[in-house]
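S.K.: The file below is upload_16.cif, mmCIF, C-alpha atoms:
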```cif
data_input
loop_
_atom_site.label_atom_id
_atom_site.label_comp_id
_atom_site.auth_asym_id
_atom_site.auth_seq_id
_atom_site.Cartn_x
_atom_site.Cartn_y
_atom_site.Cartn_z
CA MET A 23 69.50 60.86 16.27
CA SER A 24 71.44 57.63 16.63
CA ASP A 25 73.43 56.20 13.73
CA GLU A 26 70.95 53.40 13.52
CA ALA A 27 68.09 55.89 13.25
CA ARG A 28 69.92 57.75 10.50
CA ALA A 29 70.32 54.50 8.61
CA VAL A 30 66.56 54.02 8.88
CA ALA A 31 66.01 57.57 7.68
CA ARG A 32 68.11 57.00 4.60
CA GLU A 33 66.67 53.63 3.77
CA PRO A 34 63.07 53.49 4.89
CA ARG A 35 62.20 50.64 2.58
CA ALA A 36 64.89 48.24 3.70
CA SER A 37 62.68 45.18 3.61
CA GLN A 38 60.74 46.19 0.52
CA ALA A 39 62.15 43.38 -1.54
CA THR A 40 60.90 40.60 0.73
CA GLY A 41 58.29 39.02 -1.43
CA ALA A 42 55.82 40.02 -4.08
CA ARG A 43 53.05 40.68 -1.55
CA CYS A 44 55.16 43.29 0.24
CA ALA A 45 56.28 44.86 -3.03
CA ARG A 46 52.67 45.11 -4.17
CA ALA A 47 51.76 46.62 -0.79
CA TRP A 48 54.33 49.39 -1.23
CA GLU A 49 52.80 50.20 -4.63
CA VAL A 50 49.33 50.42 -3.09
CA LEU A 51 50.61 52.49 -0.17
CA ALA A 52 52.13 54.99 -2.61
CA GLY A 53 48.53 55.80 -3.53
CA VAL A 54 47.22 56.23 0.04
CA LEU A 55 47.10 59.98 0.56
CA ASP A 56 47.41 61.99 3.75
CA PRO A 57 43.86 63.16 4.60
CA GLU A 58 45.05 66.66 5.54
CA VAL A 59 47.52 67.16 2.69
CA PRO A 60 45.88 65.04 0.00
CA VAL A 61 48.69 65.24 -2.55
CA VAL A 62 51.38 63.40 -0.60
CA SER A 63 51.12 59.71 0.16
CA VAL A 64 51.90 57.97 3.42
CA VAL A 65 55.05 56.72 1.71
CA ASP A 66 56.07 60.23 0.61
CA LEU A 67 55.68 61.39 4.21
CA GLY A 68 57.92 58.61 5.47
CA ILE A 69 55.40 57.41 8.05
CA VAL A 70 55.29 53.87 6.66
CA ARG A 71 58.48 52.41 8.08
CA ASP A 72 58.18 48.81 6.99
CA VAL A 73 55.91 46.18 5.50
CA VAL A 74 56.43 42.60 6.63
CA GLU A 75 54.60 39.31 6.49
CA GLU A 76 53.87 37.68 9.83
CA GLY A 77 52.00 34.41 9.53
CA ASP A 78 49.21 35.07 7.06
CA ALA A 79 48.99 38.76 7.99
CA LEU A 80 50.62 41.69 6.27
CA VAL A 81 51.95 44.03 8.95
CA VAL A 82 52.41 47.70 8.14
CA VAL A 83 54.72 49.50 10.55
CA VAL A 84 53.65 53.11 10.95
CA THR A 85 55.27 55.97 12.87
CA PRO A 86 53.01 58.88 13.90
CA THR A 87 54.03 62.39 12.86
CA TYR A 88 52.81 64.35 15.90
CA SER A 89 51.73 62.98 19.31
CA GLY A 90 48.28 64.47 18.93
CA CYS A 91 47.83 64.27 15.17
CA PRO A 92 44.10 63.63 14.71
CA ALA A 93 44.73 62.14 11.27
CA THR A 94 46.70 59.20 12.65
CA GLU A 95 43.68 56.94 13.07
CA ALA A 96 42.18 57.96 9.72
CA ILE A 97 45.50 57.20 8.04
CA GLU A 98 45.63 53.76 9.62
CA GLN A 99 42.09 53.03 8.45
CA SER A 100 42.92 54.21 4.92
CA ILE A 101 45.98 51.95 4.83
CA VAL A 102 44.02 48.90 5.98
CA ALA A 103 41.18 49.62 3.54
CA ALA A 104 43.47 50.20 0.55
CA LEU A 105 45.51 47.05 1.14
CA ALA A 106 42.42 44.94 1.81
CA ASP A 107 40.80 46.27 -1.39
CA ALA A 108 43.93 45.23 -3.28
CA GLY A 109 43.41 41.69 -1.99
CA LEU A 110 46.49 41.79 0.24
CA GLY A 111 44.69 41.17 3.54
CA PRO A 112 44.54 40.32 6.32
CA ILE A 113 46.28 43.55 7.35
CA ARG A 114 47.61 44.63 10.71
CA ILE A 115 49.00 48.02 11.67
CA ARG A 116 51.85 48.20 14.13
CA MET A 117 52.52 51.59 15.66
CA GLN A 118 56.21 52.26 16.19
CA ARG A 119 57.17 55.39 18.13
CA ALA A 120 60.95 55.09 17.98
CA PRO A 121 62.83 56.45 16.18
CA ALA A 122 60.53 59.47 16.26
CA TRP A 123 59.25 60.69 12.92
CA THR A 124 61.06 63.66 11.43
CA SER A 125 60.17 65.82 8.46
CA ASP A 126 63.63 64.86 7.12
CA TRP A 127 62.00 61.57 6.10
CA ILE A 128 59.93 63.33 3.45
CA GLY A 129 61.72 62.49 0.21
CA ALA A 130 62.48 64.72 -2.79
CA GLU A 131 59.33 63.62 -4.58
CA GLY A 132 57.17 64.39 -1.55
CA ARG A 133 58.76 67.83 -1.19
CA GLU A 134 58.07 68.67 -4.81
CA LYS A 135 54.44 67.56 -4.43
CA LEU A 136 54.07 69.79 -1.37
CA ARG A 137 55.55 72.78 -3.19
CA ALA A 138 53.34 72.25 -6.24
CA TYR A 139 50.33 72.08 -3.91
CA GLY A 140 51.26 75.47 -2.41
CA ILE A 141 52.90 74.28 0.79
CA ALA A 142 56.53 75.28 1.32
CA PRO A 143 58.41 72.07 2.14
CA PRO A 144 60.39 71.77 5.38
CA GLY A 145 64.07 72.52 5.63
CA PRO A 146 66.39 70.24 7.60
CA ALA A 147 65.04 69.51 11.07
CA GLY A 148 68.45 69.20 12.73
CA ALA A 149 69.27 66.40 15.11
CA ALA A 150 68.15 66.42 18.71
CA GLY A 151 70.64 68.24 20.88
CA GLU A 152 71.90 70.30 17.99
CA VAL A 153 68.95 72.69 18.04
CA THR A 154 70.12 76.10 19.16
CA LEU A 155 68.18 77.51 22.06
CA ARG A 156 66.88 80.46 20.15
CA PHE A 157 65.07 82.31 22.87
CA VAL A 158 65.39 85.87 21.67
CA PRO A 159 65.96 87.81 19.57
CA ARG A 160 64.99 85.34 16.94
CA THR A 161 64.74 85.59 13.22
CA VAL A 162 63.18 82.90 11.11
CA ALA A 163 65.16 81.95 8.00
CA PRO A 164 63.29 83.12 4.89
CA LEU A 165 61.39 80.57 2.87
CA ALA A 166 60.80 80.53 -0.87
CA CYS A 167 57.19 81.26 -1.78
CA PRO A 168 55.77 78.09 -3.37
CA ARG A 169 53.90 80.23 -5.94
CA CYS A 170 56.39 82.87 -7.15
CA GLU A 171 59.62 81.57 -5.58
CA SER A 172 60.45 84.93 -4.03
CA THR A 173 62.25 84.69 -0.69
CA ASN A 174 60.76 88.01 0.38
CA THR A 175 58.44 86.18 2.76
CA GLU A 176 57.42 86.42 6.40
CA ARG A 177 56.00 84.08 8.99
CA LEU A 178 52.53 85.07 10.15
CA ALA A 179 52.01 82.32 12.69
CA ALA A 180 54.11 79.49 14.08
CA PHE A 181 51.11 77.17 14.13
CA GLY A 182 48.69 76.52 11.30
CA ALA A 183 45.55 74.69 10.28
CA THR A 184 47.07 71.31 11.13
CA ALA A 185 49.71 70.21 13.63
CA CYS A 186 52.33 69.92 10.89
CA LYS A 187 52.03 73.37 9.31
CA ALA A 188 52.80 77.05 9.96
CA LEU A 189 51.33 80.06 8.18
CA TRP A 190 53.44 82.36 6.00
CA ARG A 191 52.92 85.22 3.56
CA CYS A 192 54.81 86.26 0.45
CA ARG A 193 55.50 90.00 0.33
CA ALA A 194 56.31 89.81 -3.40
CA CYS A 195 53.11 88.23 -4.73
CA GLY A 196 50.97 89.00 -1.70
CA GLU A 197 49.76 85.42 -1.32
CA PRO A 198 49.58 83.64 2.01
CA PHE A 199 50.97 80.11 2.03
CA GLU A 200 51.50 77.22 4.37
CA HIS A 201 54.83 75.83 5.49
CA PHE A 202 55.33 72.20 6.43
CA LYS A 203 57.22 72.60 9.71
CA PRO A 204 60.67 71.05 10.08
CA ILE A 205 60.55 68.84 13.16
CA MET B 18 22.98 57.01 50.26
CA PRO B 19 23.64 54.40 47.57
CA SER B 20 27.22 54.07 46.43
CA THR B 21 27.21 54.78 42.73
CA SER B 22 30.81 55.83 42.27
CA SER B 23 32.23 54.65 38.97
CA SER B 24 35.69 55.86 39.92
CA ILE B 25 38.61 53.51 39.48
CA ALA B 26 41.27 52.61 42.02
CA VAL B 27 44.73 53.34 40.65
CA SER B 28 47.97 51.65 41.63
CA SER B 29 50.04 53.47 44.23
CA ASP B 30 53.25 52.06 42.75
CA PRO B 31 55.84 54.86 42.49
CA ALA B 32 56.50 54.26 38.80
CA VAL B 33 52.78 54.49 37.99
CA GLN B 34 52.51 57.61 40.11
CA TYR B 35 55.51 59.17 38.36
CA LEU B 36 53.88 58.55 34.98
CA LEU B 37 50.56 59.96 36.19
CA ARG B 38 52.32 63.17 37.22
CA ILE B 39 53.55 63.58 33.66
CA GLY B 40 50.39 62.48 31.87
CA ASP B 41 48.05 64.42 34.16
CA THR B 42 50.05 67.64 33.90
CA CYS B 43 49.91 67.37 30.09
CA LEU B 44 46.20 66.58 30.18
CA ILE B 45 45.06 69.32 32.56
CA HIS B 46 47.31 71.92 30.93
CA ALA B 47 45.75 70.95 27.59
CA GLN B 48 42.23 71.36 29.01
CA ARG B 49 43.05 74.88 30.15
CA LEU B 50 44.62 75.75 26.78
CA GLY B 51 41.57 74.37 25.03
CA GLU B 52 39.41 76.91 26.87
CA TRP B 53 40.95 79.57 24.61
CA CYS B 54 39.38 78.00 21.55
CA GLY B 55 37.28 80.78 20.05
CA HIS B 56 38.43 83.27 22.70
CA ALA B 57 42.07 84.07 21.99
CA PRO B 58 43.03 87.70 21.25
CA ILE B 59 43.80 86.96 17.58
CA VAL B 60 42.92 84.04 15.34
CA GLU B 61 46.54 82.97 14.87
CA GLU B 62 46.88 82.63 18.63
CA ASP B 63 43.60 80.77 18.88
CA ILE B 64 45.08 78.24 16.48
CA ALA B 65 48.45 78.16 18.23
CA LEU B 66 46.98 77.54 21.69
CA THR B 67 44.73 74.75 20.48
CA ASN B 68 47.57 73.22 18.43
CA MET B 69 49.66 73.07 21.58
CA ALA B 70 46.70 71.59 23.46
CA LEU B 71 46.45 68.90 20.78
CA ASP B 72 50.13 67.99 21.16
CA LEU B 73 49.70 67.83 24.94
CA ILE B 74 46.63 65.61 24.71
CA GLY B 75 48.55 63.28 22.40
CA GLN B 76 51.39 63.17 24.91
CA ALA B 77 48.94 62.59 27.78
CA ARG B 78 47.26 59.74 25.90
CA ALA B 79 50.57 57.99 25.33
CA VAL B 80 51.83 58.43 28.89
CA LEU B 81 48.52 57.44 30.53
CA THR B 82 48.36 54.38 28.29
CA ARG B 83 51.84 53.46 29.47
CA ALA B 84 50.82 54.02 33.12
CA GLY B 85 47.82 51.74 32.67
CA THR B 86 49.80 48.92 31.08
CA LEU B 87 52.39 49.24 33.84
CA GLU B 88 49.66 48.76 36.43
CA ALA B 89 48.81 45.46 34.76
CA ALA B 90 52.47 44.46 34.52
CA LEU B 91 52.76 45.02 38.26
CA GLY B 92 49.94 42.58 38.85
CA GLY B 93 47.19 45.14 39.34
CA GLU B 94 44.09 45.90 37.38
CA PRO B 95 44.92 47.42 33.98
CA HIS B 96 43.35 50.73 32.98
CA ASP B 97 43.24 52.32 29.56
CA GLU B 98 43.84 55.99 28.77
CA ASP B 99 40.13 56.81 28.84
CA GLN B 100 39.51 55.21 32.21
CA LEU B 101 42.47 57.08 33.66
CA ALA B 102 41.34 60.40 32.21
CA PHE B 103 37.63 60.14 32.84
CA LEU B 104 37.10 57.86 35.83
CA ARG B 105 39.44 59.24 38.46
CA ASP B 106 38.43 61.75 41.09
CA GLU B 107 40.37 64.85 42.04
CA ARG B 108 42.45 63.20 44.73
CA ASP B 109 43.70 60.62 42.24
CA PHE B 110 44.97 63.21 39.77
CA ARG B 111 48.68 63.88 40.04
CA ASN B 112 49.15 67.00 37.93
CA CYS B 113 51.16 69.94 39.19
CA THR B 114 48.78 72.54 40.59
CA ILE B 115 50.01 75.26 38.23
CA ALA B 116 48.38 73.42 35.31
CA GLU B 117 44.89 73.48 36.83
CA LEU B 118 44.73 77.19 37.80
CA PRO B 119 42.18 79.20 35.83
CA ARG B 120 43.54 80.39 32.52
CA GLY B 121 43.26 84.02 33.61
CA ASP B 122 44.15 86.69 31.08
CA PHE B 123 46.43 86.19 28.10
CA ALA B 124 49.46 87.25 30.14
CA SER B 125 48.72 84.53 32.66
CA THR B 126 48.34 81.91 29.97
CA THR B 127 51.59 83.07 28.37
CA VAL B 128 53.58 82.85 31.59
CA ARG B 129 52.20 79.40 32.39
CA ASN B 130 52.91 78.24 28.85
CA LEU B 131 56.53 79.27 29.16
CA ALA B 132 56.97 77.78 32.63
CA LEU B 133 55.53 74.43 31.58
CA ALA B 134 57.04 74.31 28.08
CA VAL B 135 60.55 74.85 29.42
CA PHE B 136 59.91 72.28 32.13
CA PHE B 137 58.58 69.70 29.68
CA GLU B 138 61.40 70.30 27.25
CA LEU B 139 63.91 69.54 30.00
CA LEU B 140 61.89 66.56 31.22
CA TRP B 141 61.40 64.97 27.78
CA GLU B 142 65.11 65.43 27.03
CA ARG B 143 65.89 63.29 30.04
CA LEU B 144 63.03 60.84 29.58
CA ALA B 145 64.30 60.10 26.07
CA GLU B 146 66.98 58.12 27.92
CA SER B 147 64.55 56.31 30.22
CA THR B 148 65.11 52.62 30.89
CA ASP B 149 61.43 52.25 30.02
CA GLU B 150 61.64 51.93 26.24
CA GLU B 151 58.05 52.97 25.63
CA LEU B 152 58.46 56.11 27.74
CA ALA B 153 61.75 56.89 25.97
CA ALA B 154 60.01 56.59 22.60
CA ILE B 155 57.15 58.86 23.69
CA ALA B 156 59.70 61.41 24.95
CA GLY B 157 61.70 61.29 21.70
CA LYS B 158 58.65 62.58 19.88
CA ALA B 159 57.36 64.93 22.58
CA VAL B 160 60.63 66.79 23.04
CA LYS B 161 60.41 68.11 19.49
CA GLU B 162 56.90 69.38 20.13
CA SER B 163 57.83 71.03 23.41
CA ARG B 164 60.58 72.97 21.62
CA TYR B 165 57.96 74.59 19.43
CA HIS B 166 55.82 75.32 22.48
CA ARG B 167 58.74 76.91 24.31
CA GLU B 168 59.80 79.04 21.36
CA HIS B 169 56.27 80.27 20.90
CA ALA B 170 55.75 81.06 24.58
CA ALA B 171 59.14 82.79 24.81
CA ASP B 172 58.28 84.99 21.83
CA TRP B 173 55.13 86.16 23.57
CA VAL B 174 56.74 86.71 26.96
CA VAL B 175 59.31 89.00 25.36
CA ARG B 176 56.77 90.74 23.18
CA LEU B 177 54.44 91.46 26.09
CA GLY B 178 57.09 92.05 28.77
CA ASP B 179 58.95 94.44 26.50
CA GLY B 180 55.73 95.84 25.05
CA THR B 181 53.45 98.56 26.31
CA VAL B 182 53.05 99.84 29.87
CA GLU B 183 49.83 97.86 30.10
CA SER B 184 51.23 94.59 28.71
CA ALA B 185 54.31 94.78 30.95
CA ALA B 186 52.14 95.40 34.01
CA ARG B 187 49.95 92.41 33.10
CA MET B 188 53.02 90.22 32.71
CA ARG B 189 54.38 91.28 36.11
CA ALA B 190 51.01 90.52 37.67
CA ALA B 191 50.90 87.11 35.96
CA LEU B 192 54.39 86.26 37.23
CA ASP B 193 53.41 87.25 40.78
CA LEU B 194 50.23 85.18 40.53
CA LEU B 195 51.81 82.00 39.15
CA TRP B 196 55.27 81.99 40.66
CA PRO B 197 54.20 80.55 44.05
CA TYR B 198 53.07 77.40 42.18
CA VAL B 199 56.39 76.84 40.41
CA ALA B 200 58.21 75.50 43.47
CA GLU B 201 55.93 72.44 43.64
CA ILE B 202 57.16 71.19 40.28
CA PHE B 203 60.68 70.74 41.63
CA GLU B 204 59.79 69.57 45.13
CA ALA B 205 61.61 66.28 45.75
CA ASP B 206 59.90 63.23 47.23
CA ALA B 207 60.03 59.43 47.35
CA ILE B 208 58.33 59.00 43.97
CA ASP B 209 61.02 61.06 42.26
CA GLU B 210 63.73 59.19 44.12
CA ALA B 211 62.33 55.84 43.06
CA ALA B 212 62.10 56.95 39.42
CA ALA B 213 65.68 58.21 39.45
CA ALA B 214 66.99 55.09 41.21
CA GLY B 215 65.30 52.77 38.73
CA GLY B 216 66.26 54.82 35.67
CA LEU B 217 62.62 55.54 34.77
CA GLY B 218 63.23 59.28 34.73
CA PRO B 219 65.00 62.18 36.41
CA ARG B 220 64.34 63.70 39.79
CA TRP B 221 62.37 66.79 38.88
CA ALA B 222 64.41 68.66 41.48
CA ASP B 223 67.43 68.16 39.21
CA LEU B 224 65.67 70.10 36.47
CA GLN B 225 65.24 73.22 38.57
CA ALA B 226 68.66 74.80 37.90
CA PRO B 227 68.50 74.50 34.10
CA TRP B 228 64.86 75.59 34.21
CA ARG B 229 65.76 78.77 36.08
CA GLU B 230 68.59 79.42 33.66
CA ARG B 231 66.40 79.08 30.57
CA ILE B 232 63.49 81.01 32.06
CA GLY B 233 65.90 83.65 33.34
CA ALA B 234 67.21 84.27 29.82
CA VAL B 235 63.70 84.89 28.50
CA LEU B 236 62.65 87.11 31.39
CA ALA B 237 65.86 89.15 31.03
CA ALA B 238 65.13 89.73 27.35
CA ALA B 239 61.59 90.69 28.29
CA GLY B 240 62.74 93.18 30.91
CA LEU B 241 60.94 91.20 33.59
CA ALA B 242 62.34 90.23 36.98
CA MET B 243 62.08 86.68 38.29
CA PRO B 244 59.92 86.84 41.43
CA ALA B 245 61.45 85.83 44.74
CA GLU B 246 60.86 82.36 46.15
CA ARG B 247 58.19 82.10 48.84
CA ALA B 248 57.44 79.56 51.55
CA PHE B 249 54.07 78.52 50.05
CA ARG B 250 53.96 75.05 48.51
CA SER B 251 51.11 73.70 46.42
CA THR B 252 50.63 69.91 46.48
CA GLY B 253 48.79 68.77 43.34
CA LYS B 254 51.45 66.18 42.54
CA THR B 255 50.43 64.28 45.67
CA GLY B 256 46.71 64.55 44.93
CA ARG B 257 45.89 67.52 47.14
CA HIS B 258 44.69 70.10 44.67
CA SER B 259 43.43 73.65 44.56
CA GLU B 260 39.68 74.24 44.44
CA HIS B 261 39.96 74.68 40.67
CA LEU B 262 40.64 71.12 39.53
CA GLY B 263 37.16 69.85 40.36
CA TYR B 264 35.62 72.28 37.88
CA VAL B 265 38.02 71.17 35.16
CA LEU B 266 37.14 67.53 35.80
CA ALA B 267 33.41 68.25 35.98
CA GLU B 268 33.54 69.54 32.44
CA MET B 269 36.09 67.06 31.10
CA GLN B 270 34.50 63.98 32.64
CA PHE B 271 30.82 64.85 32.32
CA LEU B 272 30.04 62.63 29.35
CA GLN B 273 31.65 59.47 30.74
CA ARG B 274 30.12 60.05 34.17
CA ALA B 275 26.63 60.67 32.76
CA TYR B 276 26.80 57.97 30.10
CA PRO B 277 29.29 55.38 31.38
CA GLY B 278 31.08 53.57 28.57
CA GLY B 279 29.65 55.87 25.91
CA VAL B 280 31.61 55.82 22.66
CA TRP B 281 31.50 57.68 19.37
#
```
Do you think you could lay out the structure here as structure tokens?

M.R.:
Amino acid sequence: MSDEARAVAREPRASQATGARCARAWEVLAGVLDPEVPVVSVVDLGIVRDVVEEGDALVVVVTPTYSGCPATEAIEQSIVAALADAGLGPIRIRMQRAPAWTSDWIGAEGREKLRAYGIAPPGPAGAAGEVTLRFVPRTVAPLACPRCESTNTERLAAFGATACKALWRCRACGEPFEHFKPI
Amino acid sequence: MPSTSSSIAVSSDPAVQYLLRIGDTCLIHAQRLGEWCGHAPIVEEDIALTNMALDLIGQARAVLTRAGTLEAALGGEPHDEDQLAFLRDERDFRNCTIAELPRGDFASTTVRNLALAVFFELLWERLAESTDEELAAIAGKAVKESRYHREHAADWVVRLGDGTVESAARMRAALDLLWPYVAEIFEADAIDEAAAAGGLGPRWADLQAPWRERIGAVLAAAGLAMPAERAFRSTGKTGRHSEHLGYVLAEMQFLQRAYPGGVW
């Protein structure tokens, strides 16, 4: 990740203060939930990168989480509908691929919401190029169970019910749980 | 006979062709992975294979969209992702042949997954530095996904290669079956040269050495030998495909061919 991208990661709401309409939009967006994990908002997930006024339109800059995430279009529609309902229209969505979304953009509040919902939040994704080529043998670092907090857990499957999750099980309390993948 | 072809004519520009090779290999590989939906040996693997297919379709959509806008930028007729996916005939597809081969048994799918995931990981790493900003942005996202695909495939190759007598025999058979189609991926030609010269992307031939190194590490851990190189060369990247691609397209394109312009 470039230094510039890191700066964006730390301060995703750089232009938040530009005008009451944008500030109001951020408040509304904090209530637009991810359709597949309906406890975290699009702001919690870090996929809303910016809100700017261009002419009479309010432009929401959105970065997709996964290339094939089927929720992307639904999320965009929810954003447009919520902002229009709040009287902030007309709304435009601008899709921005770079810098690529990373689970590191999920803030502390978002992580706590995930955990409370029963999804173990992601650990650090690591910058591109720093990822060890872990071919084999490979062990997966233990995760804390979001229900009982035991770290006596195991990964059942690397892929889960949505593109962003893996499936785990807690050996202590016996419950299966989902893990939001670090990427 | 009346001419009723609804097929589109695609630009022969090298940059467009280079992008089609990437997008089409993602797309056709995804179609084959999708065939496992409801048929994988265990439910977790059913989900994993279709998750990977979903990533690949997302990557294909982005790259084909870029190819279509580039056609327009070059003064040709623009095409969108759907036209490129659904309204081209076999000879206009530019995927590597290995992606279109029947999915075979689970060993076959596993070997192909590893071969292509390692290849794509190397390719996206390089494309992230493309002079084409859109392609670089697509690659920046895709490379993270391909790492997951490669890890998953490598886990299975080791588990099956170093597994039972039966699983090891199946893996050896899968390697023998698929290996002749690997050479095509790295076969150099003018399209690769043009892409490298213009900074669009790497010569795929330059990815062969690191590919062999990474694959070699997995096969060694799996107790499997890398098959010897043979003279046979498949040619899907240039539009001359195996007999299998037509069947993939017949299924994938049926709806748009039968109901042109149909939408949800």

S.K.: Could you work out which residues of chain A fall inside 6 Å of chain B? Count only C-alpha atoms, and format the result as a PyMOL selection string.

M.R.: chain A and resi 89-90+119-120+122+179+181

S.K.: What lies within 8 Å of region 98-110 of chain B using only C-alpha atoms, ignoring chain neighbours under 4 positions off, as an NGL selection string?

M.R.: :B and (23-27 or 37-38 or 41 or 78-79 or 81-82 or 85 or 253-254 or 256-258 or 262-263 or 266 or 269-270 or 273-274)

S.K.: Run through the PyMOL selection byres ((chain A and resi 164) around 6) on the given coordinates and return the selected residues as a list in words.

M.R.: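 When the PyMOL selection byres ((chain A and resi 164) around 6) is applied, the selected residues are Ala163, Leu165 and Thr173 of chain A.
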
S.K.: Which value, in Å to one decimal, gives the distance between CA of Glu131 (chain A) and CA of Ser63 (chain A)?

M.R.: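 A separation of 10.3 Å between them.
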
S.K.: List as number ranges by chain the protein and nucleic acid residues near Cys192 (chain A), meaning an atom at most 10 Å away when only C-alpha atoms are counted, but skip any in the same chain fewer than 3 places from it.

M.R.: A: 165-177, 195-199

S.K.: Selected by the PyMOL selection byres ((chain B and resi 224) around 12) in the shown coordinates: which residues, as a ChimeraX atom specification?

M.R.: /B:135-144,200,202-205,209,218-223,225-232

S.K.: So what do you get for CA of Asp126 (chain A) versus CA of Gln99 (chain A), distance-wise?

M.R.: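 Computed distance, CA of Asp126 (chain A) to CA of Gln99 (chain A), equals 24.6 Å.
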
S.K.: To one decimal in Å, tell me the separation between CA of Gly216 (chain B) and CA of Tyr35 (chain B).

M.R.: 11.9 Å

S.K.: Rank A:Leu178, A:Leu189, A:Ala138, A:Val61 by their smallest atom-to-atom distance to Phe202 (chain A), using only C-alpha atoms, and report the top residue only.

M.R.: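 Result for the nearest residue to Phe202 (chain A): A:Leu189.
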
S.K.: To verify the selection step, state as a ChimeraX atom specification which residues the PyMOL selection byres ((chain A and resi 100-106) around 10) yields on this input.

M.R.: /A:46-51,53-57,64,70,80-82,84,94-99,107-115

S.K.: Pick from A:Ala42, A:Ala194, A:Pro204, A:Arg137: nearest to Val74 (chain A), with all atoms listed in the file counted?

M.R.: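 Result for the nearest residue to Val74 (chain A): A:Ala42.
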
S.K.: Given the choices A:Pro146, A:Pro60, A:Pro121, A:Gly182, which gets closest to Thr87 (chain A) if the distance is worked out from only C-alpha atoms?

M.R.: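 Among the listed residues, A:Pro121 lies closest to Thr87 (chain A).
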
S.K.: Considering only C-alpha atoms, state which residue in the set B:Leu118, B:Ala267, B:Leu217, B:Ala124 is at the smallest distance from Asp149 (chain B).

M.R.: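 Answer, going by the shortest atom-to-atom distance: B:Leu217.
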